[in-house]
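So this one's upload.tsv, TSV, C-alpha atoms:
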chain	number	residue	atom	x	y	z
A	4	MET	CA	-56.23	42.05	93.15
A	5	SER	CA	-59.19	42.84	90.90
A	6	VAL	CA	-59.67	41.29	87.46
A	7	GLN	CA	-58.78	44.62	85.85
A	8	GLN	CA	-55.60	44.90	87.90
A	9	MET	CA	-54.62	41.34	87.04
A	10	GLN	CA	-55.15	41.98	83.33
A	11	ALA	CA	-53.08	45.16	83.54
A	12	ARG	CA	-50.28	43.26	85.29
A	13	ARG	CA	-50.25	40.53	82.67
A	14	ILE	CA	-50.05	43.11	79.88
A	15	ARG	CA	-47.21	44.85	81.71
A	16	ASP	CA	-45.31	41.59	82.21
A	17	LYS	CA	-45.88	40.52	78.61
A	18	GLU	CA	-44.43	43.76	77.28
A	19	GLU	CA	-41.42	43.42	79.58
A	20	VAL	CA	-40.66	39.80	78.69
A	21	ILE	CA	-40.84	40.56	74.97
A	22	ARG	CA	-38.50	43.56	75.29
A	23	LEU	CA	-36.04	41.65	77.44
A	24	THR	CA	-36.01	38.62	75.14
A	25	GLN	CA	-35.33	40.85	72.15
A	26	SER	CA	-32.49	42.59	73.97
A	27	LEU	CA	-30.84	39.30	74.95
A	28	VAL	CA	-31.20	37.67	71.52
A	29	LYS	CA	-29.55	40.68	69.87
A	30	ILE	CA	-26.42	40.08	71.96
A	31	GLU	CA	-24.56	37.19	70.33
A	32	SER	CA	-23.43	34.61	72.87
A	33	VAL	CA	-22.29	31.69	70.76
A	34	PHE	CA	-19.13	30.21	72.25
A	35	ARG	CA	-16.45	30.49	69.57
A	36	PRO	CA	-13.01	29.57	70.97
A	37	GLY	CA	-10.28	31.88	69.71
A	38	VAL	CA	-12.72	34.52	68.44
A	39	GLU	CA	-12.66	37.84	70.30
A	40	GLY	CA	-15.98	38.31	72.08
A	41	GLY	CA	-17.03	34.78	71.17
A	42	ASN	CA	-18.45	33.95	74.58
A	43	GLU	CA	-21.23	34.81	77.02
A	44	GLU	CA	-19.59	37.82	78.70
A	45	LYS	CA	-21.60	40.61	77.03
A	46	VAL	CA	-24.98	39.04	77.57
A	47	ALA	CA	-24.09	38.04	81.13
A	48	ASN	CA	-23.09	41.62	81.94
A	49	TYR	CA	-26.33	42.88	80.42
A	50	VAL	CA	-28.35	40.47	82.57
A	51	ALA	CA	-26.38	41.40	85.71
A	52	ASN	CA	-27.04	45.11	85.16
A	53	TYR	CA	-30.69	44.44	84.43
A	54	LEU	CA	-31.09	42.52	87.70
A	55	ARG	CA	-29.38	45.29	89.67
A	56	ASN	CA	-31.67	47.89	88.13
A	57	ILE	CA	-34.78	46.00	89.27
A	58	GLY	CA	-33.48	45.68	92.82
A	59	ILE	CA	-31.99	42.19	92.86
A	60	GLU	CA	-28.74	41.35	94.64
A	61	VAL	CA	-26.25	40.18	92.02
A	62	TYR	CA	-23.06	38.13	92.04
A	63	ILE	CA	-20.84	37.48	89.02
A	64	GLU	CA	-18.36	34.61	89.01
A	65	GLU	CA	-16.03	33.94	86.10
A	66	VAL	CA	-15.95	30.24	85.31
A	67	GLU	CA	-13.46	30.67	82.47
A	68	ALA	CA	-12.10	33.80	80.81
A	69	GLY	CA	-15.06	35.65	79.31
A	70	ARG	CA	-17.51	33.04	80.56
A	71	PRO	CA	-19.20	34.22	83.76
A	72	ASN	CA	-22.08	32.90	85.80
A	73	VAL	CA	-24.63	35.41	87.04
A	74	ILE	CA	-26.44	34.73	90.33
A	75	GLY	CA	-29.38	36.81	91.50
A	76	ILE	CA	-30.65	36.57	95.09
A	77	VAL	CA	-34.06	37.72	96.31
A	78	ASP	CA	-34.52	37.19	100.05
A	79	SER	CA	-37.94	37.78	101.59
A	80	GLY	CA	-36.40	38.23	105.02
A	81	ARG	CA	-38.63	35.45	106.32
A	82	PRO	CA	-37.54	31.84	106.90
A	83	GLY	CA	-38.77	29.32	104.39
A	84	LYS	CA	-37.90	27.33	101.31
A	85	THR	CA	-35.42	28.30	98.63
A	86	LEU	CA	-36.61	28.15	95.03
A	87	LEU	CA	-34.10	28.20	92.20
A	88	PHE	CA	-34.85	29.27	88.63
A	89	GLU	CA	-32.21	28.24	86.08
A	90	GLY	CA	-31.71	29.60	82.56
A	91	HIS	CA	-28.45	29.71	80.61
A	92	THR	CA	-26.92	32.56	78.59
A	93	ASP	CA	-25.14	30.63	75.83
A	94	VAL	CA	-26.67	29.64	72.51
A	95	VAL	CA	-25.56	27.26	69.79
A	96	THR	CA	-24.11	28.44	66.50
A	97	GLU	CA	-26.48	30.02	64.00
A	98	GLY	CA	-24.85	28.01	61.22
A	99	GLU	CA	-25.09	29.52	57.76
A	100	ARG	CA	-26.61	32.98	58.22
A	101	GLU	CA	-27.75	33.17	54.61
A	102	ALA	CA	-30.00	30.16	55.22
A	103	TRP	CA	-32.08	32.12	57.76
A	104	LYS	CA	-35.23	33.88	56.60
A	105	TYR	CA	-34.71	36.46	59.35
A	106	ASP	CA	-31.54	37.81	60.98
A	107	PRO	CA	-30.55	35.13	63.53
A	108	PHE	CA	-29.69	37.89	66.00
A	109	GLY	CA	-32.40	40.35	64.98
A	110	ALA	CA	-35.22	39.13	67.26
A	111	GLU	CA	-37.83	40.17	64.68
A	112	ILE	CA	-41.48	39.55	65.52
A	113	VAL	CA	-43.57	38.34	62.58
A	114	ASN	CA	-47.17	37.13	62.98
A	115	GLY	CA	-46.78	36.68	66.72
A	116	LYS	CA	-43.50	34.76	66.53
A	117	MET	CA	-40.10	36.10	67.50
A	118	TYR	CA	-37.27	34.73	65.36
A	119	GLY	CA	-33.62	34.37	66.29
A	120	ARG	CA	-30.99	32.18	67.89
A	121	GLY	CA	-31.92	31.74	71.54
A	122	THR	CA	-35.53	32.91	71.29
A	123	ASN	CA	-36.59	29.35	72.05
A	124	ASP	CA	-33.46	27.91	73.69
A	125	THR	CA	-33.38	29.57	76.07
A	126	LYS	CA	-33.12	33.36	76.25
A	127	GLY	CA	-36.88	33.58	75.99
A	128	ASN	CA	-37.30	31.44	79.10
A	129	LEU	CA	-34.44	33.24	80.86
A	130	SER	CA	-36.40	36.45	80.26
A	131	CYS	CA	-39.56	34.78	81.58
A	132	MET	CA	-37.95	33.85	84.90
A	133	ILE	CA	-36.45	37.31	85.37
A	134	THR	CA	-39.74	39.04	84.48
A	135	ALA	CA	-41.69	36.73	86.79
A	136	VAL	CA	-39.49	37.63	89.77
A	137	HIS	CA	-39.57	41.34	88.84
A	138	SER	CA	-43.37	41.09	88.77
A	139	LEU	CA	-43.40	39.69	92.32
A	140	LEU	CA	-41.21	42.55	93.50
A	141	ARG	CA	-43.21	45.24	91.67
A	142	ASP	CA	-46.46	44.05	93.18
A	143	LYS	CA	-44.93	43.59	96.64
A	144	GLU	CA	-46.30	40.04	96.80
A	145	TYR	CA	-46.01	38.25	100.12
A	146	TRP	CA	-43.91	35.12	100.26
A	147	SER	CA	-41.43	33.44	102.58
A	148	GLY	CA	-37.97	32.11	101.94
A	149	LYS	CA	-35.62	32.92	99.10
A	150	ILE	CA	-35.45	32.90	95.30
A	151	ILE	CA	-32.18	32.27	93.49
A	152	LEU	CA	-31.79	33.13	89.82
A	153	CYS	CA	-29.10	30.82	88.46
A	154	ILE	CA	-27.88	32.12	85.08
A	155	PRO	CA	-24.89	30.01	84.05
A	156	CYS	CA	-22.68	29.86	80.98
A	157	ASP	CA	-22.00	26.80	78.82
A	158	GLU	CA	-25.18	24.74	79.07
A	159	GLU	CA	-24.75	23.83	75.40
A	160	GLY	CA	-21.23	22.49	75.99
A	161	MET	CA	-19.82	20.57	78.91
A	162	MET	CA	-22.04	22.46	81.37
A	163	ILE	CA	-19.10	23.99	83.20
A	164	GLY	CA	-21.29	26.84	84.42
A	165	ILE	CA	-23.71	24.79	86.50
A	166	LYS	CA	-20.88	22.59	87.77
A	167	HIS	CA	-19.08	25.72	89.00
A	168	PHE	CA	-22.32	27.07	90.55
A	169	ILE	CA	-22.73	23.88	92.57
A	170	LYS	CA	-19.06	23.65	93.48
A	171	GLN	CA	-19.14	27.20	94.87
A	172	GLY	CA	-21.93	26.21	97.27
A	173	TRP	CA	-24.80	28.20	95.78
A	174	ALA	CA	-27.07	25.17	95.55
A	175	LYS	CA	-26.61	23.80	99.05
A	176	ASP	CA	-29.82	25.26	100.57
A	177	VAL	CA	-32.06	24.95	97.49
A	178	THR	CA	-35.24	22.97	98.17
A	179	GLY	CA	-36.63	22.96	94.62
A	180	ALA	CA	-35.54	24.04	91.15
A	181	ILE	CA	-37.40	25.07	88.01
A	182	ILE	CA	-35.32	24.50	84.87
A	183	CYS	CA	-36.36	27.04	82.25
A	184	GLU	CA	-36.16	25.26	78.91
A	185	PRO	CA	-38.49	25.04	75.88
A	186	GLU	CA	-41.00	22.31	76.70
A	187	GLU	CA	-44.27	23.80	75.40
A	188	ASN	CA	-45.21	24.59	79.02
A	189	GLU	CA	-45.56	20.91	79.81
A	190	VAL	CA	-44.45	19.75	83.25
A	191	CYS	CA	-41.36	17.65	82.62
A	192	ILE	CA	-40.46	15.45	85.57
A	193	THR	CA	-37.86	13.21	83.94
A	194	GLN	CA	-34.86	13.62	81.64
A	195	LYS	CA	-32.85	11.27	79.50
A	196	GLY	CA	-29.33	10.49	80.57
A	197	ALA	CA	-26.42	11.15	78.24
A	198	MET	CA	-23.05	9.58	77.54
A	199	ARG	CA	-20.49	10.93	75.08
A	200	ILE	CA	-17.98	8.33	73.97
A	201	ALA	CA	-15.13	8.39	71.44
A	202	ILE	CA	-13.89	5.20	69.75
A	203	ASN	CA	-10.56	5.18	67.94
A	204	VAL	CA	-9.53	2.38	65.59
A	205	TYR	CA	-5.87	2.17	64.61
A	206	GLY	CA	-4.52	0.80	61.33
A	207	LYS	CA	-1.55	1.16	59.02
A	208	MET	CA	-1.37	3.70	56.22
A	209	ALA	CA	-1.14	2.26	52.69
A	210	HIS	CA	-1.74	2.91	49.00
A	211	GLY	CA	-5.37	2.41	47.98
A	212	ALA	CA	-4.20	0.22	45.09
A	213	MET	CA	-2.33	-2.05	47.50
A	214	PRO	CA	-4.56	-2.19	50.60
A	215	LEU	CA	-3.12	-5.49	51.81
A	216	SER	CA	0.17	-3.73	52.56
A	217	GLY	CA	-1.64	-1.73	55.21
A	218	ILE	CA	-4.30	-2.22	57.87
A	219	ASN	CA	-7.62	-0.53	57.11
A	220	PRO	CA	-9.20	1.03	60.24
A	221	ASN	CA	-12.33	2.01	58.30
A	222	THR	CA	-13.59	-1.51	57.67
A	223	ARG	CA	-12.96	-2.39	61.30
A	224	MET	CA	-14.84	0.72	62.45
A	225	ALA	CA	-17.72	-0.31	60.18
A	226	LYS	CA	-17.95	-3.61	62.04
A	227	ILE	CA	-18.04	-1.78	65.38
A	228	ILE	CA	-20.82	0.53	64.20
A	229	CYS	CA	-22.88	-2.39	62.91
A	230	GLU	CA	-22.57	-4.12	66.30
A	231	ILE	CA	-23.53	-0.89	68.08
A	232	ASP	CA	-26.66	-0.72	65.91
A	233	LYS	CA	-27.55	-4.24	67.05
A	234	LEU	CA	-26.98	-3.24	70.69
A	235	GLU	CA	-29.35	-0.29	70.32
A	236	THR	CA	-32.03	-2.59	68.88
A	237	LEU	CA	-31.61	-5.03	71.78
A	238	GLU	CA	-31.96	-2.22	74.32
A	239	LYS	CA	-35.13	-0.99	72.64
A	240	GLU	CA	-36.58	-4.50	72.69
A	241	ARG	CA	-35.58	-4.99	76.33
A	242	LEU	CA	-36.94	-1.69	77.67
A	243	GLY	CA	-39.68	-0.69	75.26
A	244	LYS	CA	-40.73	2.91	74.72
A	245	HIS	CA	-40.76	4.99	77.91
A	246	ASP	CA	-44.10	6.74	78.40
A	247	LEU	CA	-42.48	10.17	78.84
A	248	LEU	CA	-39.00	9.85	77.31
A	249	GLY	CA	-39.53	7.61	74.33
A	250	TRP	CA	-36.78	5.28	73.06
A	251	PRO	CA	-33.20	4.94	74.28
A	252	SER	CA	-30.58	5.55	71.60
A	253	ILE	CA	-26.94	4.94	70.72
A	254	THR	CA	-26.08	7.28	67.87
A	255	PRO	CA	-22.76	7.47	66.00
A	256	THR	CA	-22.32	11.16	65.19
A	257	ILE	CA	-18.82	12.11	64.01
A	258	LEU	CA	-17.02	9.67	61.70
A	259	MET	CA	-13.52	10.69	60.71
A	260	GLY	CA	-10.67	8.97	58.89
A	261	PRO	CA	-7.93	9.96	58.87
A	262	VAL	CA	-8.11	11.68	62.24
A	263	HIS	CA	-5.02	13.77	61.49
A	264	GLY	CA	-3.79	15.11	58.18
A	265	GLU	CA	-5.54	15.28	54.83
A	266	ALA	CA	-7.82	12.58	53.47
A	267	GLN	CA	-7.09	11.24	49.99
A	268	ILE	CA	-9.17	8.86	47.93
A	269	ASN	CA	-6.18	6.64	47.11
A	270	VAL	CA	-4.80	6.40	50.66
A	271	VAL	CA	-5.79	3.95	53.40
A	272	PRO	CA	-5.69	6.05	56.60
A	273	ASP	CA	-3.81	5.01	59.71
A	274	GLN	CA	-6.67	5.88	62.09
A	275	CYS	CA	-10.44	6.19	62.16
A	276	MET	CA	-12.55	7.80	64.88
A	277	THR	CA	-16.23	7.92	65.73
A	278	THR	CA	-18.17	9.54	68.54
A	279	LEU	CA	-21.30	8.16	70.15
A	280	ASP	CA	-24.13	10.26	71.55
A	281	ILE	CA	-25.91	7.84	73.88
A	282	ARG	CA	-29.26	8.76	75.45
A	283	THR	CA	-30.51	6.59	78.28
A	284	ILE	CA	-33.83	6.06	80.05
A	285	PRO	CA	-34.82	4.55	83.40
A	286	GLY	CA	-33.85	0.90	83.46
A	287	GLN	CA	-30.42	1.46	81.91
A	288	GLU	CA	-27.17	1.61	83.82
A	289	HIS	CA	-24.30	3.52	82.26
A	290	LYS	CA	-21.69	1.13	83.61
A	291	VAL	CA	-23.47	-1.76	81.90
A	292	ILE	CA	-23.59	0.05	78.55
A	293	LYS	CA	-19.89	0.90	78.79
A	294	SER	CA	-19.15	-2.75	79.48
A	295	GLN	CA	-21.28	-3.84	76.50
A	296	LEU	CA	-19.42	-1.48	74.18
A	297	GLN	CA	-16.05	-2.69	75.42
A	298	ASN	CA	-17.21	-6.28	74.89
A	299	ILE	CA	-17.98	-5.46	71.25
A	300	ILE	CA	-14.43	-4.22	70.76
A	301	ASP	CA	-12.92	-7.19	72.59
A	302	ARG	CA	-15.02	-9.70	70.65
A	303	LEU	CA	-14.07	-8.27	67.27
A	304	ALA	CA	-10.39	-8.18	68.27
A	305	LYS	CA	-10.44	-11.93	69.02
A	306	ASP	CA	-11.16	-12.74	65.39
A	307	ASP	CA	-8.71	-10.24	63.88
A	308	HIS	CA	-5.11	-10.00	65.12
A	309	ASP	CA	-4.75	-6.60	63.34
A	310	PHE	CA	-7.76	-5.17	65.13
A	311	LYS	CA	-6.80	-2.40	67.57
A	312	ALA	CA	-9.40	-0.07	69.06
A	313	GLU	CA	-9.77	2.06	72.17
A	314	MET	CA	-12.83	3.57	73.81
A	315	GLU	CA	-12.83	6.83	75.79
A	316	VAL	CA	-15.76	8.10	77.88
A	317	ILE	CA	-15.77	11.86	77.41
A	318	GLU	CA	-18.63	12.59	79.78
A	319	GLU	CA	-21.73	11.01	81.23
A	320	ARG	CA	-24.89	12.40	82.78
A	321	PRO	CA	-27.47	10.13	84.43
A	322	TRP	CA	-31.17	10.09	83.65
A	323	THR	CA	-33.31	11.86	86.24
A	324	ILE	CA	-36.82	11.56	87.61
A	325	THR	CA	-38.72	13.62	90.19
A	326	ASP	CA	-41.84	12.29	91.91
A	327	ARG	CA	-45.11	13.96	90.93
A	328	GLU	CA	-45.87	14.46	94.61
A	329	ASN	CA	-42.72	16.48	95.21
A	330	PRO	CA	-43.65	20.03	96.33
A	331	VAL	CA	-41.87	21.75	93.42
A	332	VAL	CA	-43.61	19.51	90.88
A	333	LYS	CA	-46.98	20.04	92.53
A	334	ALA	CA	-46.44	23.81	92.60
A	335	VAL	CA	-45.54	23.98	88.90
A	336	ALA	CA	-48.40	21.67	87.88
A	337	LYS	CA	-50.89	23.71	89.91
A	338	ALA	CA	-49.54	26.94	88.41
A	339	ALA	CA	-49.86	25.57	84.88
A	340	GLN	CA	-53.45	24.57	85.59
A	341	ILE	CA	-54.33	27.99	87.02
A	342	VAL	CA	-52.74	29.95	84.19
A	343	THR	CA	-53.89	27.82	81.25
A	344	GLY	CA	-57.23	26.73	82.66
A	345	LYS	CA	-56.38	23.12	81.76
A	346	GLU	CA	-55.01	20.12	83.60
A	347	ALA	CA	-51.22	20.07	83.58
A	348	VAL	CA	-49.63	17.84	80.95
A	349	TYR	CA	-46.69	15.77	82.22
A	350	ASN	CA	-43.79	14.93	79.96
A	351	GLY	CA	-40.06	14.25	79.85
A	352	VAL	CA	-37.04	16.11	78.49
A	353	PRO	CA	-35.54	14.34	75.46
A	354	GLY	CA	-32.01	15.48	76.38
A	355	ALA	CA	-29.98	16.48	79.40
A	356	THR	CA	-30.08	19.97	80.92
A	357	ASP	CA	-28.21	21.86	83.63
A	358	GLY	CA	-30.87	20.40	85.89
A	359	THR	CA	-29.12	17.03	85.59
A	360	PHE	CA	-26.31	18.25	87.83
A	361	LEU	CA	-28.70	19.93	90.28
A	362	HIS	CA	-30.47	16.58	90.53
A	363	MET	CA	-27.13	14.90	91.19
A	364	ALA	CA	-26.62	17.44	94.00
A	365	GLY	CA	-29.82	16.20	95.63
A	366	ILE	CA	-32.18	18.95	94.45
A	367	PRO	CA	-35.64	18.04	93.10
A	368	ILE	CA	-36.06	19.55	89.64
A	369	VAL	CA	-38.89	20.18	87.20
A	370	THR	CA	-38.45	21.51	83.66
A	371	ILE	CA	-40.97	23.78	81.97
A	372	GLY	CA	-40.85	26.69	79.55
A	373	ALA	CA	-42.06	28.36	76.37
A	374	GLY	CA	-41.20	27.08	72.91
A	375	GLU	CA	-41.80	24.03	70.79
A	376	ARG	CA	-39.43	21.27	71.83
A	377	GLU	CA	-38.42	20.37	68.26
A	378	VAL	CA	-37.27	23.93	67.42
A	379	PRO	CA	-34.01	24.30	69.44
A	380	HIS	CA	-30.81	24.47	67.37
A	381	GLN	CA	-32.72	24.75	64.08
A	382	ILE	CA	-32.41	27.45	61.44
A	383	ASN	CA	-35.22	30.02	61.82
A	384	GLU	CA	-35.55	29.24	65.53
A	385	TYR	CA	-38.56	31.03	67.01
A	386	VAL	CA	-40.85	31.38	70.00
A	387	ASP	CA	-44.49	32.44	70.21
A	388	VAL	CA	-44.70	35.72	72.14
A	389	GLU	CA	-48.04	34.76	73.71
A	390	GLU	CA	-46.39	31.65	75.06
A	391	LEU	CA	-43.63	33.79	76.60
A	392	ALA	CA	-46.34	35.71	78.46
A	393	GLU	CA	-47.99	32.47	79.58
A	394	THR	CA	-44.69	31.04	80.82
A	395	THR	CA	-43.94	34.22	82.78
A	396	GLU	CA	-47.29	33.87	84.53
A	397	ILE	CA	-46.67	30.18	85.25
A	398	TYR	CA	-43.26	30.93	86.79
A	399	ARG	CA	-44.72	33.77	88.88
A	400	THR	CA	-47.61	31.64	90.15
A	401	ALA	CA	-45.42	28.59	90.80
A	402	ALA	CA	-43.06	30.67	92.95
A	403	LEU	CA	-45.93	31.93	95.11
A	404	ILE	CA	-47.41	28.45	95.49
A	405	PHE	CA	-44.07	26.85	96.35
A	406	LEU	CA	-42.91	29.57	98.75
A	407	ASN	CA	-46.28	30.03	100.46
A	408	GLU	CA	-49.03	27.69	101.58
A	409	GLU	CA	-50.41	25.75	98.62
A	410	SER	CA	-53.84	25.78	100.23
A	411	SER	CA	-54.29	29.48	99.34
A	412	PHE	CA	-54.33	28.54	95.64
A	413	LYS	CA	-56.79	25.65	95.84

Spell out the structure here as structure tokens.
Amino acid sequence: MSVQQMQARRIRDKEEVIRLTQSLVKIESVFRPGVEGGNEEKVANYVANYLRNIGIEVYIEEVEAGRPNVIGIVDSGRPGKTLLFEGHTDVVTEGEREAWKYDPFGAEIVNGKMYGRGTNDTKGNLSCMITAVHSLLRDKEYWSGKIILCIPCDEEGMMIGIKHFIKQGWAKDVTGAIICEPEENEVCITQKGAMRIAINVYGKMAHGAMPLSGINPNTRMAKIICEIDKLETLEKERLGKHDLLGWPSITPTILMGPVHGEAQINVVPDQCMTTLDIRTIPGQEHKVIKSQLQNIIDRLAKDDHDFKAEMEVIEERPWTITDRENPVVKAVAKAAQIVTGKEAVYNGVPGATDGTFLHMAGIPIVTIGAGEREVPHQINEYVDVEELAETTEIYRTAALIFLNEESSFK
């Protein structure tokens, strides 16, 4: 392919990825239980039709009512590896619409940035992976093996989409996966683990003027939270700052008392609840952390016969790491170098992704995509359109390197 032809292709792909991103962002796919149309169904159907129209074999599987997975299959007809691209269809709530400078579902482009919920996380990168594969098909590129486009629901929740995808057997022959998330086109080879835990403290309801006639769960919860803060400090001192993932954390998020009924300033509640968002790094074992938290509760209960608390693990996801010498990592790093003209920058994902469960299924994963990593879930979320074009080219090149002989790109 001549330089002129390559430039023309890149312009073509850039125009397509911008159009597709705008189309997807304009379709609201915030999961809102109990709200008609408050799910991923419309955007999933749009994606499925789009894939069919560009010649890709499509399967749709409903995970829950109105929450389908879309799977696209592109088979070269030649034996070889199977590369999976993964990008989810759901987005988080836009929050207060009036706080946005631009319509959160308008996908407006201003000074080279496209604004809207999902532009960054991760409809922009979903569009990049689709456009990259379409580009390969348009240009009749030669490659061996198979490409799977995994487009699940519910990445922002309990990740039921990717769990269903794996359970249905779609991942069993995958030899490498590219997770399409906003990471500033850095090659992310590790991810933090995550644990979600709820702690309930039980007391006895009483008048605020006569607190001794009751049992205050709030003061007991305060003691638990203070001990958790100490535990986090000890873990930071023990492990230090990971070179790619940073610090481990144990973060109380929701704090509620009473848990049921109305709160009143002159009433001691009968129950208090907190949730913990725990992020782990290599060197931490989830079972050890769970034991440490239970020990905090048990220790406090020894000194207070009215102390009653229970801990519930809602979900846990382990930290992941993929070796730099793994073929999928090498392919992505080489592609990033070719496209950007610079050495690949390695990094880690500060949270968990759908790739966590692919890793648990034995699949080597690497995460890379357009968008600043601090922007997801913020008001006035955006993505740079030039970066979308760059990411599309990285995905396209990485697929060819991974599915063909790497030597042809040296």

With a distance cut-off of 6 Å and all atoms listed in the file, select the neighbouring residues of region 121-128 of chain A, excluding the residue or stretch itself and same-chain residues fewer than 3 positions from it, and output the selection as a short mmCIF file (atom, residue, chain, number, x, y, z; two decimals) with C-alpha atoms, keeping the file's coordinate frame.
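As written to disk, around-v3.cif reads:
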data_model
loop_
_atom_site.label_atom_id
_atom_site.label_comp_id
_atom_site.auth_asym_id
_atom_site.auth_seq_id
_atom_site.Cartn_x
_atom_site.Cartn_y
_atom_site.Cartn_z
CA THR A 24 -36.01 38.62 75.14
CA VAL A 28 -31.20 37.67 71.52
CA VAL A 94 -26.67 29.64 72.51
CA CYS A 131 -39.56 34.78 81.58
CA CYS A 183 -36.36 27.04 82.25
CA GLU A 184 -36.16 25.26 78.91
CA GLY A 372 -40.85 26.69 79.55
CA GLY A 374 -41.20 27.08 72.91
CA PRO A 379 -34.01 24.30 69.44
CA TYR A 385 -38.56 31.03 67.01
CA VAL A 386 -40.85 31.38 70.00
#

* To do: Counting only C-alpha atoms, note down every residue that has an atom within 10 Å of the point (-38.0, 28.3, 87.8) (file coordinates), as a VMD selection string.
  => chain A and resid 86 to 90 128 to 129 131 to 133 135 to 136 150 to 153 179 to 184 331 335 368 to 372 395 397 to 399 401 to 402

* To do: Rounded to one decimal place, report the CA of Glu288 (chain A)-CA of Gly365 (chain A) distance in Å.
  => 19.0 Å

Show me the residues around (-28.0, 44.7, 79.1) - criterion: an atom at most 12 Å away, all atoms listed in the file counted - as a short mmCIF file (atom, residue, chain, number, x, y, z; two decimals) with C-alpha atoms, in the frame of the given file.
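After the write, part_38.cif holds the following:
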data_model
loop_
_atom_site.label_atom_id
_atom_site.label_comp_id
_atom_site.auth_asym_id
_atom_site.auth_seq_id
_atom_site.Cartn_x
_atom_site.Cartn_y
_atom_site.Cartn_z
CA ARG A 22 -38.50 43.56 75.29
CA LEU A 23 -36.04 41.65 77.44
CA THR A 24 -36.01 38.62 75.14
CA GLN A 25 -35.33 40.85 72.15
CA SER A 26 -32.49 42.59 73.97
CA LEU A 27 -30.84 39.30 74.95
CA VAL A 28 -31.20 37.67 71.52
CA LYS A 29 -29.55 40.68 69.87
CA ILE A 30 -26.42 40.08 71.96
CA GLU A 44 -19.59 37.82 78.70
CA LYS A 45 -21.60 40.61 77.03
CA VAL A 46 -24.98 39.04 77.57
CA ALA A 47 -24.09 38.04 81.13
CA ASN A 48 -23.09 41.62 81.94
CA TYR A 49 -26.33 42.88 80.42
CA VAL A 50 -28.35 40.47 82.57
CA ALA A 51 -26.38 41.40 85.71
CA ASN A 52 -27.04 45.11 85.16
CA TYR A 53 -30.69 44.44 84.43
CA LEU A 54 -31.09 42.52 87.70
CA ARG A 55 -29.38 45.29 89.67
CA ASN A 56 -31.67 47.89 88.13
CA SER A 130 -36.40 36.45 80.26
#

* Rounded to one decimal in Å, what is the spacing between CA of Arg70 (chain A) and CA of Val95 (chain A)? -> 14.6 Å
